[in-house]
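Shown next: coords06.tsv, given as TSV, N, CA and C atoms.
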```tsv
chain	number	residue	atom	x	y	z
A	21	LEU	N	-26.15	22.08	-25.95
A	21	LEU	CA	-25.93	20.78	-26.55
A	21	LEU	C	-24.46	20.39	-26.47
A	22	ALA	N	-24.23	19.14	-26.20
A	22	ALA	CA	-22.86	18.64	-26.14
A	22	ALA	C	-22.32	18.44	-27.55
A	23	VAL	N	-21.07	18.81	-27.71
A	23	VAL	CA	-20.41	18.65	-29.00
A	23	VAL	C	-19.88	17.22	-29.08
A	24	PRO	N	-20.22	16.49	-30.14
A	24	PRO	CA	-19.71	15.11	-30.25
A	24	PRO	C	-18.19	15.10	-30.31
A	25	GLN	N	-17.60	14.08	-29.68
A	25	GLN	CA	-16.14	13.95	-29.67
A	25	GLN	C	-15.71	12.95	-30.74
A	26	SER	N	-14.57	13.24	-31.28
A	26	SER	CA	-14.00	12.28	-32.23
A	26	SER	C	-13.45	11.10	-31.44
A	27	PRO	N	-13.27	9.95	-32.07
A	27	PRO	CA	-12.68	8.80	-31.36
A	27	PRO	C	-11.30	9.12	-30.78
A	28	ASN	N	-10.52	9.95	-31.47
A	28	ASN	CA	-9.19	10.32	-30.95
A	28	ASN	C	-9.29	11.15	-29.68
A	29	GLN	N	-10.26	12.08	-29.65
A	29	GLN	CA	-10.44	12.91	-28.45
A	29	GLN	C	-10.87	12.04	-27.27
A	30	ARG	N	-11.81	11.15	-27.51
A	30	ARG	CA	-12.30	10.27	-26.45
A	30	ARG	C	-11.18	9.35	-25.96
A	31	GLY	N	-10.39	8.82	-26.90
A	31	GLY	CA	-9.27	7.96	-26.54
A	31	GLY	C	-8.25	8.69	-25.69
A	32	SER	N	-7.99	9.96	-26.02
A	32	SER	CA	-7.05	10.76	-25.23
A	32	SER	C	-7.56	10.99	-23.82
A	33	GLN	N	-8.88	11.22	-23.70
A	33	GLN	CA	-9.47	11.42	-22.38
A	33	GLN	C	-9.36	10.16	-21.53
A	34	ILE	N	-9.62	9.02	-22.14
A	34	ILE	CA	-9.54	7.75	-21.41
A	34	ILE	C	-8.11	7.49	-20.97
A	35	LYS	N	-7.13	7.74	-21.83
A	35	LYS	CA	-5.72	7.56	-21.46
A	35	LYS	C	-5.36	8.46	-20.29
A	36	ALA	N	-5.82	9.70	-20.32
A	36	ALA	CA	-5.52	10.64	-19.23
A	36	ALA	C	-6.16	10.17	-17.93
A	37	GLN	N	-7.40	9.67	-17.99
A	37	GLN	CA	-8.07	9.17	-16.79
A	37	GLN	C	-7.32	7.96	-16.23
A	38	ASN	N	-6.91	7.06	-17.10
A	38	ASN	CA	-6.17	5.88	-16.64
A	38	ASN	C	-4.85	6.26	-16.02
A	39	GLN	N	-4.16	7.26	-16.57
A	39	GLN	CA	-2.89	7.71	-16.01
A	39	GLN	C	-3.10	8.30	-14.62
A	40	ARG	N	-4.19	9.08	-14.44
A	40	ARG	CA	-4.49	9.64	-13.12
A	40	ARG	C	-4.75	8.52	-12.12
A	41	LYS	N	-5.48	7.47	-12.55
A	41	LYS	CA	-5.74	6.34	-11.67
A	41	LYS	C	-4.45	5.64	-11.28
A	42	ARG	N	-3.54	5.44	-12.24
A	42	ARG	CA	-2.26	4.80	-11.93
A	42	ARG	C	-1.46	5.65	-10.97
A	43	ASN	N	-1.50	6.97	-11.15
A	43	ASN	CA	-0.75	7.86	-10.26
A	43	ASN	C	-1.31	7.81	-8.84
A	44	MET	N	-2.60	7.56	-8.70
A	44	MET	CA	-3.24	7.53	-7.39
A	44	MET	C	-3.26	6.12	-6.80
A	45	ALA	N	-2.85	5.13	-7.60
A	45	ALA	CA	-2.88	3.74	-7.13
A	45	ALA	C	-2.02	3.59	-5.89
A	46	GLY	N	-2.50	2.78	-4.99
A	46	GLY	CA	-1.77	2.58	-3.75
A	46	GLY	C	-0.88	1.36	-3.79
A	47	LYS	N	-0.10	1.22	-2.74
A	47	LYS	CA	0.78	0.07	-2.55
A	47	LYS	C	0.43	-0.57	-1.22
A	48	THR	N	0.49	-1.87	-1.19
A	48	THR	CA	0.25	-2.62	0.03
A	48	THR	C	1.56	-2.68	0.82
A	49	MET	N	1.48	-2.54	2.15
A	49	MET	CA	2.68	-2.53	2.97
A	49	MET	C	2.45	-3.40	4.20
A	50	ILE	N	3.46	-4.20	4.54
A	50	ILE	CA	3.46	-4.90	5.82
A	50	ILE	C	4.83	-4.70	6.48
A	51	HIS	N	4.82	-4.72	7.77
A	51	HIS	CA	6.06	-4.60	8.54
A	51	HIS	C	6.15	-5.81	9.45
A	52	ASP	N	7.23	-6.57	9.31
A	52	ASP	CA	7.47	-7.75	10.14
A	52	ASP	C	8.14	-7.29	11.43
A	53	LYS	N	7.39	-7.34	12.52
A	53	LYS	CA	7.91	-6.87	13.80
A	53	LYS	C	9.03	-7.75	14.34
A	54	SER	N	9.04	-9.03	13.97
A	54	SER	CA	10.06	-9.93	14.49
A	54	SER	C	11.44	-9.69	13.87
A	55	THR	N	11.47	-9.17	12.64
A	55	THR	CA	12.76	-8.92	11.97
A	55	THR	C	13.04	-7.43	11.77
A	56	GLY	N	12.00	-6.60	11.90
A	56	GLY	CA	12.15	-5.16	11.66
A	56	GLY	C	12.15	-4.80	10.18
A	57	LYS	N	11.79	-5.76	9.32
A	57	LYS	CA	11.79	-5.52	7.87
A	57	LYS	C	10.41	-5.08	7.40
A	58	THR	N	10.42	-4.18	6.41
A	58	THR	CA	9.21	-3.64	5.82
A	58	THR	C	9.14	-4.09	4.36
A	59	TYR	N	7.95	-4.47	3.93
A	59	TYR	CA	7.74	-4.97	2.57
A	59	TYR	C	6.63	-4.18	1.89
A	60	VAL	N	6.84	-3.89	0.60
A	60	VAL	CA	5.88	-3.11	-0.18
A	60	VAL	C	5.62	-3.84	-1.49
A	61	GLY	N	4.38	-3.87	-1.92
A	61	GLY	CA	4.05	-4.49	-3.20
A	61	GLY	C	2.71	-4.00	-3.72
A	62	SER	N	2.42	-4.33	-4.94
A	62	SER	CA	1.14	-3.96	-5.57
A	62	SER	C	0.31	-5.22	-5.69
A	63	PHE	N	-0.57	-5.42	-4.75
A	63	PHE	CA	-1.41	-6.62	-4.71
A	63	PHE	C	-2.88	-6.21	-4.73
A	64	THR	N	-3.71	-7.06	-5.29
A	64	THR	CA	-5.14	-6.82	-5.40
A	64	THR	C	-5.88	-7.93	-4.67
A	65	PRO	N	-6.86	-7.59	-3.85
A	65	PRO	CA	-7.61	-8.63	-3.15
A	65	PRO	C	-8.30	-9.57	-4.15
A	66	THR	N	-8.43	-10.81	-3.74
A	66	THR	CA	-9.16	-11.81	-4.54
A	66	THR	C	-10.31	-12.34	-3.70
A	67	ALA	N	-11.02	-13.30	-4.24
A	67	ALA	CA	-12.13	-13.91	-3.49
A	67	ALA	C	-11.63	-14.72	-2.31
A	68	THR	N	-10.36	-15.12	-2.34
A	68	THR	CA	-9.84	-16.00	-1.28
A	68	THR	C	-8.81	-15.36	-0.35
A	69	SER	N	-8.24	-14.22	-0.73
A	69	SER	CA	-7.25	-13.59	0.15
A	69	SER	C	-7.17	-12.09	-0.07
A	70	THR	N	-6.80	-11.40	0.99
A	70	THR	CA	-6.65	-9.94	0.91
A	70	THR	C	-5.29	-9.59	0.30
A	71	ALA	N	-5.12	-8.35	-0.07
A	71	ALA	CA	-3.84	-7.88	-0.61
A	71	ALA	C	-2.73	-8.06	0.43
A	72	HIS	N	-3.03	-7.79	1.70
A	72	HIS	CA	-2.02	-7.94	2.75
A	72	HIS	C	-1.62	-9.40	2.96
A	73	GLN	N	-2.59	-10.30	2.90
A	73	GLN	CA	-2.28	-11.72	3.04
A	73	GLN	C	-1.41	-12.20	1.88
A	74	GLN	N	-1.70	-11.73	0.67
A	74	GLN	CA	-0.90	-12.10	-0.50
A	74	GLN	C	0.53	-11.59	-0.37
A	75	LEU	N	0.68	-10.33	0.07
A	75	LEU	CA	2.01	-9.76	0.25
A	75	LEU	C	2.79	-10.54	1.30
A	76	ALA	N	2.16	-10.84	2.42
A	76	ALA	CA	2.83	-11.60	3.47
A	76	ALA	C	3.28	-12.96	2.96
A	77	SER	N	2.42	-13.63	2.23
A	77	SER	CA	2.76	-14.95	1.69
A	77	SER	C	3.92	-14.86	0.70
A	78	ALA	N	3.86	-13.90	-0.20
A	78	ALA	CA	4.93	-13.74	-1.20
A	78	ALA	C	6.25	-13.37	-0.56
A	79	ALA	N	6.21	-12.63	0.55
A	79	ALA	CA	7.44	-12.20	1.23
A	79	ALA	C	7.92	-13.23	2.25
A	80	GLY	N	7.09	-14.24	2.53
A	80	GLY	CA	7.47	-15.25	3.52
A	80	GLY	C	7.36	-14.76	4.94
A	81	VAL	N	6.40	-13.85	5.18
A	81	VAL	CA	6.22	-13.25	6.51
A	81	VAL	C	4.96	-13.82	7.15
A	82	SER	N	5.05	-14.20	8.41
A	82	SER	CA	3.87	-14.65	9.14
A	82	SER	C	3.01	-13.44	9.48
A	83	THR	N	1.72	-13.53	9.19
A	83	THR	CA	0.83	-12.41	9.50
A	83	THR	C	0.72	-12.21	11.01
A	84	ARG	N	1.06	-13.21	11.79
A	84	ARG	CA	1.02	-13.08	13.26
A	84	ARG	C	2.12	-12.14	13.76
A	85	ASN	N	3.17	-11.95	12.97
A	85	ASN	CA	4.28	-11.08	13.36
A	85	ASN	C	4.24	-9.73	12.66
A	86	ALA	N	3.15	-9.43	11.97
A	86	ALA	CA	3.14	-8.25	11.10
A	86	ALA	C	2.10	-7.22	11.51
A	87	VAL	N	2.32	-6.03	11.00
A	87	VAL	CA	1.34	-4.96	11.06
A	87	VAL	C	1.16	-4.51	9.61
A	88	GLY	N	-0.08	-4.23	9.21
A	88	GLY	CA	-0.33	-3.92	7.80
A	88	GLY	C	-0.89	-2.53	7.57
A	89	GLY	N	-0.54	-1.98	6.44
A	89	GLY	CA	-1.04	-0.67	6.04
A	89	GLY	C	-0.89	-0.51	4.54
A	90	GLY	N	-0.85	0.72	4.11
A	90	GLY	CA	-0.72	0.98	2.69
A	90	GLY	C	-0.14	2.35	2.42
A	91	LEU	N	0.32	2.52	1.20
A	91	LEU	CA	0.86	3.80	0.75
A	91	LEU	C	0.02	4.29	-0.41
A	92	ARG	N	-0.29	5.57	-0.39
A	92	ARG	CA	-1.07	6.16	-1.47
A	92	ARG	C	-0.70	7.63	-1.58
A	93	LYS	N	-0.67	8.11	-2.81
A	93	LYS	CA	-0.42	9.53	-3.02
A	93	LYS	C	-1.69	10.32	-2.80
A	94	ASP	N	-1.56	11.47	-2.13
A	94	ASP	CA	-2.71	12.34	-1.98
A	94	ASP	C	-2.86	13.19	-3.23
A	95	THR	N	-3.84	14.05	-3.26
A	95	THR	CA	-4.10	14.86	-4.46
A	95	THR	C	-2.94	15.80	-4.78
A	96	GLY	N	-2.11	16.11	-3.81
A	96	GLY	CA	-0.94	16.96	-4.04
A	96	GLY	C	0.29	16.17	-4.46
A	97	GLY	N	0.18	14.86	-4.55
A	97	GLY	CA	1.30	14.03	-4.98
A	97	GLY	C	2.19	13.54	-3.85
A	98	LYS	N	1.85	13.86	-2.60
A	98	LYS	CA	2.66	13.41	-1.46
A	98	LYS	C	2.17	12.03	-1.01
A	99	TRP	N	3.13	11.15	-0.71
A	99	TRP	CA	2.78	9.82	-0.23
A	99	TRP	C	2.23	9.89	1.19
A	100	GLN	N	1.19	9.11	1.45
A	100	GLN	CA	0.58	9.02	2.77
A	100	GLN	C	0.61	7.56	3.20
A	101	LEU	N	0.88	7.32	4.46
A	101	LEU	CA	0.86	5.97	5.02
A	101	LEU	C	-0.46	5.78	5.76
A	102	ASN	N	-1.26	4.82	5.31
A	102	ASN	CA	-2.46	4.51	6.09
A	102	ASN	C	-2.14	3.29	6.96
A	103	GLN	N	-2.85	3.15	8.03
A	103	GLN	CA	-2.53	2.13	9.03
A	103	GLN	C	-3.62	1.09	9.12
A	104	LYS	N	-4.25	0.81	7.99
A	104	LYS	CA	-5.41	-0.08	8.00
A	104	LYS	C	-5.13	-1.39	7.28
A	105	SER	N	-5.42	-2.47	7.96
A	105	SER	CA	-5.45	-3.80	7.36
A	105	SER	C	-6.35	-4.65	8.23
A	106	GLU	N	-7.55	-4.85	7.77
A	106	GLU	CA	-8.51	-5.65	8.54
A	106	GLU	C	-7.97	-7.07	8.75
A	107	SER	N	-7.34	-7.63	7.73
A	107	SER	CA	-6.89	-9.03	7.81
A	107	SER	C	-5.66	-9.22	8.70
A	108	ILE	N	-4.82	-8.22	8.82
A	108	ILE	CA	-3.60	-8.35	9.63
A	108	ILE	C	-3.79	-7.72	11.01
A	109	ASN	N	-4.12	-6.46	11.04
A	109	ASN	CA	-4.15	-5.72	12.32
A	109	ASN	C	-5.23	-6.22	13.27
A	110	SER	N	-6.41	-6.51	12.76
A	110	SER	CA	-7.47	-6.93	13.67
A	110	SER	C	-7.23	-8.33	14.21
A	111	GLN	N	-6.60	-9.22	13.43
A	111	GLN	CA	-6.31	-10.57	13.95
A	111	GLN	C	-5.25	-10.52	15.05
A	112	ASN	N	-4.42	-9.49	15.03
A	112	ASN	CA	-3.36	-9.36	16.03
A	112	ASN	C	-3.75	-8.47	17.20
A	113	GLY	N	-5.00	-8.06	17.23
A	113	GLY	CA	-5.48	-7.25	18.35
A	113	GLY	C	-5.07	-5.79	18.26
A	114	TYR	N	-4.68	-5.31	17.07
A	114	TYR	CA	-4.28	-3.91	16.92
A	114	TYR	C	-5.44	-3.02	16.52
A	115	LYS	N	-6.58	-3.60	16.40
A	115	LYS	CA	-7.74	-2.89	15.87
A	115	LYS	C	-8.23	-1.81	16.84
A	116	THR	N	-8.57	-0.67	16.28
A	116	THR	CA	-9.29	0.32	17.05
A	116	THR	C	-10.72	0.26	16.55
A	117	TYR	N	-11.63	0.53	17.39
A	117	TYR	CA	-13.03	0.30	17.05
A	117	TYR	C	-13.72	1.56	16.55
A	118	GLY	N	-14.76	1.35	15.83
A	118	GLY	CA	-15.53	2.44	15.23
A	118	GLY	C	-15.66	2.19	13.74
A	119	ALA	N	-16.73	2.63	13.17
A	119	ALA	CA	-17.03	2.33	11.77
A	119	ALA	C	-15.92	2.80	10.83
A	120	LYS	N	-15.35	3.96	11.08
A	120	LYS	CA	-14.34	4.51	10.16
A	120	LYS	C	-12.94	3.97	10.40
A	121	SER	N	-12.69	3.37	11.55
A	121	SER	CA	-11.33	2.95	11.87
A	121	SER	C	-11.18	1.44	11.95
A	122	CYS	N	-12.09	0.71	11.38
A	122	CYS	CA	-12.04	-0.75	11.42
A	122	CYS	C	-10.74	-1.26	10.80
A	123	GLY	N	-9.96	-1.99	11.58
A	123	GLY	CA	-8.70	-2.53	11.10
A	123	GLY	C	-7.53	-1.58	11.18
A	124	VAL	N	-7.73	-0.42	11.80
A	124	VAL	CA	-6.65	0.57	11.90
A	124	VAL	C	-5.85	0.34	13.16
A	125	ALA	N	-4.54	0.21	13.00
A	125	ALA	CA	-3.66	0.02	14.15
A	125	ALA	C	-3.15	1.38	14.63
A	126	HIS	N	-2.80	1.45	15.89
A	126	HIS	CA	-2.27	2.68	16.48
A	126	HIS	C	-0.98	3.09	15.78
A	127	GLY	N	-0.78	4.38	15.63
A	127	GLY	CA	0.39	4.91	14.93
A	127	GLY	C	1.73	4.45	15.47
A	128	ASN	N	1.83	4.19	16.79
A	128	ASN	CA	3.09	3.74	17.37
A	128	ASN	C	3.55	2.41	16.79
A	129	ARG	N	2.63	1.61	16.30
A	129	ARG	CA	2.99	0.31	15.71
A	129	ARG	C	3.67	0.48	14.35
A	130	PHE	N	3.62	1.69	13.79
A	130	PHE	CA	4.17	1.96	12.46
A	130	PHE	C	5.45	2.79	12.48
A	131	VAL	N	5.97	3.10	13.64
A	131	VAL	CA	7.15	3.96	13.72
A	131	VAL	C	8.33	3.36	12.94
A	132	SER	N	8.63	2.09	13.15
A	132	SER	CA	9.76	1.46	12.45
A	132	SER	C	9.50	1.36	10.96
A	133	ALA	N	8.29	0.99	10.59
A	133	ALA	CA	7.94	0.87	9.16
A	133	ALA	C	8.08	2.22	8.47
A	134	LYS	N	7.60	3.26	9.11
A	134	LYS	CA	7.67	4.61	8.53
A	134	LYS	C	9.12	5.04	8.35
A	135	SER	N	9.95	4.76	9.34
A	135	SER	CA	11.37	5.08	9.24
A	135	SER	C	12.02	4.32	8.09
A	136	ASN	N	11.71	3.03	7.97
A	136	ASN	CA	12.26	2.22	6.87
A	136	ASN	C	11.86	2.80	5.51
A	137	LEU	N	10.61	3.20	5.38
A	137	LEU	CA	10.13	3.74	4.10
A	137	LEU	C	10.79	5.08	3.78
A	138	LYS	N	10.96	5.91	4.78
A	138	LYS	CA	11.60	7.22	4.57
A	138	LYS	C	13.07	7.08	4.17
A	139	ASN	N	13.74	6.05	4.70
A	139	ASN	CA	15.17	5.88	4.46
A	139	ASN	C	15.49	4.92	3.32
A	140	GLY	N	14.47	4.40	2.65
A	140	GLY	CA	14.70	3.45	1.56
A	140	GLY	C	15.17	2.10	2.05
A	141	ASN	N	14.90	1.79	3.31
A	141	ASN	CA	15.32	0.54	3.93
A	141	ASN	C	14.15	-0.45	3.99
A	142	TYR	N	13.66	-0.86	2.83
A	142	TYR	CA	12.52	-1.77	2.75
A	142	TYR	C	12.73	-2.70	1.56
A	143	PHE	N	11.80	-3.61	1.37
A	143	PHE	CA	11.89	-4.57	0.28
A	143	PHE	C	10.63	-4.48	-0.59
A	144	THR	N	10.83	-4.57	-1.89
A	144	THR	CA	9.70	-4.64	-2.80
A	144	THR	C	9.43	-6.12	-3.07
A	145	VAL	N	8.16	-6.46	-3.23
A	145	VAL	CA	7.77	-7.84	-3.44
A	145	VAL	C	6.83	-7.90	-4.64
A	146	SER	N	7.15	-8.78	-5.58
A	146	SER	CA	6.29	-8.93	-6.76
A	146	SER	C	5.23	-9.99	-6.50
A	147	ASN	N	4.23	-10.02	-7.36
A	147	ASN	CA	3.16	-11.02	-7.24
A	147	ASN	C	3.70	-12.43	-7.35
A	148	ARG	N	4.84	-12.59	-7.98
A	148	ARG	CA	5.44	-13.91	-8.17
A	148	ARG	C	6.42	-14.27	-7.05
A	149	GLY	N	6.56	-13.38	-6.07
A	149	GLY	CA	7.40	-13.70	-4.93
A	149	GLY	C	8.83	-13.22	-5.00
A	150	SER	N	9.18	-12.44	-6.01
A	150	SER	CA	10.53	-11.89	-6.09
A	150	SER	C	10.66	-10.77	-5.05
A	151	VAL	N	11.68	-10.86	-4.22
A	151	VAL	CA	11.90	-9.86	-3.16
A	151	VAL	C	13.22	-9.15	-3.45
A	152	ASN	N	13.14	-7.81	-3.54
A	152	ASN	CA	14.32	-7.00	-3.84
A	152	ASN	C	14.38	-5.81	-2.90
A	153	ARG	N	15.58	-5.32	-2.66
A	153	ARG	CA	15.73	-4.13	-1.82
A	153	ARG	C	15.11	-2.93	-2.52
A	154	GLY	N	14.33	-2.17	-1.78
A	154	GLY	CA	13.72	-0.95	-2.32
A	154	GLY	C	14.75	0.15	-2.46
A	155	SER	N	14.45	1.12	-3.30
A	155	SER	CA	15.40	2.22	-3.49
A	155	SER	C	14.75	3.59	-3.28
A	156	LYS	N	13.45	3.67	-3.45
A	156	LYS	CA	12.76	4.94	-3.31
A	156	LYS	C	12.71	5.34	-1.83
A	157	LYS	N	12.92	6.60	-1.58
A	157	LYS	CA	12.76	7.13	-0.23
A	157	LYS	C	11.44	7.88	-0.20
A	158	TYR	N	10.46	7.30	0.48
A	158	TYR	CA	9.13	7.88	0.54
A	158	TYR	C	9.15	9.10	1.45
A	159	ARG	N	8.64	10.19	0.97
A	159	ARG	CA	8.53	11.41	1.78
A	159	ARG	C	7.17	11.40	2.44
A	160	LEU	N	7.13	10.89	3.65
A	160	LEU	CA	5.86	10.75	4.39
A	160	LEU	C	5.68	11.87	5.39
```

Please, can you express the file's structure as structure tokens?
Amino acid sequence: LAVPQSPNQRGSQIKAQNQRKRNMAGKTMIHDKSTGKTYVGSFTPTATSTAHQQLASAAGVSTRNAVGGGLRKDTGGKWQLNQKSESINSQNGYKTYGAKSCGVAHGNRFVSAKSNLKNGNYFTVSNRGSVNRGSKKYRL
């Protein structure tokens, strides 16, 4: 039989679960190939636009000049760069085909973006369009 939990115990469990989710939350990333600038933000898809489209709009970047991906921590806490953006990469012809790789661009398209992220040479973008120089050096 399961032992009933007190409201405090249950509340503590929920807080811990939410903290784990925040720690695993990803970041949206686009790299403007025309300027060599990389942008990172926390955007959520809506009914009318993807997270990558929102980031590009807030940063003032044309999606035609960009490659899109994301950053997420793995279970060991190391940041990983994914190279997937259906809305950006596939419209620019960077798509590789196959059910699991839909919207994934070739790794060579991310060399400059990866370097920028590792060296802290990128910009953070808020949902309201504030653009600031990034400071974190992602260990990818």

**OP:** Tell me, as a PyMOL selection string, which residues lie within 9 Å of Arg159 (chain A), counting only C-alpha atoms; anything in the same chain fewer than 2 positions away does not count.
**Re:** chain A and resi 98-100+137-138+157

**OP:** Go ahead and compute the interatomic distance for CA of Lys93 (chain A) and atom N of Ser54 (chain A), in Å to one decimal.
**Re:** 26.9 Å

Original post:
Which is closer to Asn102 (chain A) than all the others in A:Ser82, A:Gly90, A:His51, A:Leu75, using only N, CA and C atoms?
Top reply: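 Checking each candidate against Asn102 (chain A), we get A:Gly90 as the closest.
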
Neighbouring residues of Ala71 (chain A) were defined as those with any atom within 10 Å, considering only C-alpha atoms; residues of the same chain fewer than 6 positions away were excluded. Please report them as a short mmCIF file (atom, residue, chain, number, x, y, z; two decimals) with N, CA and C atoms, keeping the file's coordinate frame.
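What ended up in around.cif:
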```
data_model
loop_
_atom_site.label_atom_id
_atom_site.label_comp_id
_atom_site.auth_asym_id
_atom_site.auth_seq_id
_atom_site.Cartn_x
_atom_site.Cartn_y
_atom_site.Cartn_z
N LYS A 47 -0.10 1.22 -2.74
CA LYS A 47 0.78 0.07 -2.55
C LYS A 47 0.43 -0.57 -1.22
N THR A 48 0.49 -1.87 -1.19
CA THR A 48 0.25 -2.62 0.03
C THR A 48 1.56 -2.68 0.82
N MET A 49 1.48 -2.54 2.15
CA MET A 49 2.68 -2.53 2.97
C MET A 49 2.45 -3.40 4.20
N GLY A 61 4.38 -3.87 -1.92
CA GLY A 61 4.05 -4.49 -3.20
C GLY A 61 2.71 -4.00 -3.72
N SER A 62 2.42 -4.33 -4.94
CA SER A 62 1.14 -3.96 -5.57
C SER A 62 0.31 -5.22 -5.69
N PHE A 63 -0.57 -5.42 -4.75
CA PHE A 63 -1.41 -6.62 -4.71
C PHE A 63 -2.88 -6.21 -4.73
N THR A 64 -3.71 -7.06 -5.29
CA THR A 64 -5.14 -6.82 -5.40
C THR A 64 -5.88 -7.93 -4.67
N PRO A 65 -6.86 -7.59 -3.85
CA PRO A 65 -7.61 -8.63 -3.15
C PRO A 65 -8.30 -9.57 -4.15
N SER A 77 2.42 -13.63 2.23
CA SER A 77 2.76 -14.95 1.69
C SER A 77 3.92 -14.86 0.70
N GLY A 88 -0.08 -4.23 9.21
CA GLY A 88 -0.33 -3.92 7.80
C GLY A 88 -0.89 -2.53 7.57
N GLY A 90 -0.85 0.72 4.11
CA GLY A 90 -0.72 0.98 2.69
C GLY A 90 -0.14 2.35 2.42
N SER A 105 -5.42 -2.47 7.96
CA SER A 105 -5.45 -3.80 7.36
C SER A 105 -6.35 -4.65 8.23
N SER A 107 -7.34 -7.63 7.73
CA SER A 107 -6.89 -9.03 7.81
C SER A 107 -5.66 -9.22 8.70
#
```

Original post:
Among region 38-145 of chain A, which residues carry a DSSP assignment of strand (DSSP E), reported as a list in words?
Top reply: Lys47, Thr48, Met49, Ile50, His51, Asp52, Lys57, Thr58, Tyr59, Val60, Gly61, Ala86, Val87, Gly88, Gly89, Gly90, Leu91, Arg92, Lys93, Trp99, Gln100, Leu101, Asn102, Phe143, Thr144 and Val145 of chain A

Quick one: residues within 10 Å of Lys57 (chain A), only C-alpha atoms, excluding same-chain residues fewer than 4 positions away - as an mmCIF file with N, CA and C atoms, in the frame of the given file?
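Once everything was written out, this is out_6.cif:
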```cif
data_model
loop_
_atom_site.group_PDB
_atom_site.id
_atom_site.type_symbol
_atom_site.label_atom_id
_atom_site.label_comp_id
_atom_site.auth_asym_id
_atom_site.auth_seq_id
_atom_site.Cartn_x
_atom_site.Cartn_y
_atom_site.Cartn_z
ATOM 1 N N ILE A 50 3.460 -4.200 4.540
ATOM 2 C CA ILE A 50 3.460 -4.900 5.820
ATOM 3 C C ILE A 50 4.830 -4.700 6.480
ATOM 4 N N HIS A 51 4.820 -4.720 7.770
ATOM 5 C CA HIS A 51 6.060 -4.600 8.540
ATOM 6 C C HIS A 51 6.150 -5.810 9.450
ATOM 7 N N ASP A 52 7.230 -6.570 9.310
ATOM 8 C CA ASP A 52 7.470 -7.750 10.140
ATOM 9 C C ASP A 52 8.140 -7.290 11.430
ATOM 10 N N LYS A 53 7.390 -7.340 12.520
ATOM 11 C CA LYS A 53 7.910 -6.870 13.800
ATOM 12 C C LYS A 53 9.030 -7.750 14.340
ATOM 13 N N VAL A 81 6.400 -13.850 5.180
ATOM 14 C CA VAL A 81 6.220 -13.250 6.510
ATOM 15 C C VAL A 81 4.960 -13.820 7.150
ATOM 16 N N ALA A 86 3.150 -9.430 11.970
ATOM 17 C CA ALA A 86 3.140 -8.250 11.100
ATOM 18 C C ALA A 86 2.100 -7.220 11.510
ATOM 19 N N SER A 132 8.630 2.090 13.150
ATOM 20 C CA SER A 132 9.760 1.460 12.450
ATOM 21 C C SER A 132 9.500 1.360 10.960
ATOM 22 N N ALA A 133 8.290 0.990 10.590
ATOM 23 C CA ALA A 133 7.940 0.870 9.160
ATOM 24 C C ALA A 133 8.080 2.220 8.470
ATOM 25 N N ASN A 136 11.710 3.030 7.970
ATOM 26 C CA ASN A 136 12.260 2.220 6.870
ATOM 27 C C ASN A 136 11.860 2.800 5.510
ATOM 28 N N ASN A 141 14.900 1.790 3.310
ATOM 29 C CA ASN A 141 15.320 0.540 3.930
ATOM 30 C C ASN A 141 14.150 -0.450 3.990
ATOM 31 N N TYR A 142 13.660 -0.860 2.830
ATOM 32 C CA TYR A 142 12.520 -1.770 2.750
ATOM 33 C C TYR A 142 12.730 -2.700 1.560
ATOM 34 N N PHE A 143 11.800 -3.610 1.370
ATOM 35 C CA PHE A 143 11.890 -4.570 0.280
ATOM 36 C C PHE A 143 10.630 -4.480 -0.590
#
```

Original post:
Could you work out how far atom C of Thr66 (chain A) lies from atom N of Thr83 (chain A), giving the answer in Å with one decimal?
Top reply: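 Between atom N of Thr83 (chain A) and atom C of Thr66 (chain A) the gap is 17.7 Å.
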
Original post:
Hey, can you check how far CA of Val145 (chain A) sits from CA of Val60 (chain A)?
Top reply: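 These two atoms are separated by 6.0 Å.
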
**OP:** From region 50-160 of chain A, collect each residue whose DSSP state is helix (DSSP H, G or I) and return the set as a ChimeraX atom specification.
**Re:** /A:71-79,83-85,106-109,119-121,127-139

Original post:
Nearest to Tyr114 (chain A): which of A:Leu101, A:Thr95, A:Arg84, A:Lys134 is it, counting only C-alpha atoms?
Top reply: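 Closest candidate: A:Arg84.
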
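Neighbours of region 109-113 of chain A closer than or equal to 10 Å, with only C-alpha atoms counted and sequence neighbours fewer than 6 positions away skipped, come out as A:Thr83, A:Arg84, A:Asn85, A:Ala86, A:Val87, A:Gly88, A:Gly89, A:Gln103, A:Cys122, A:Gly123, A:Val124, A:Ala125, A:His126, A:Arg129.
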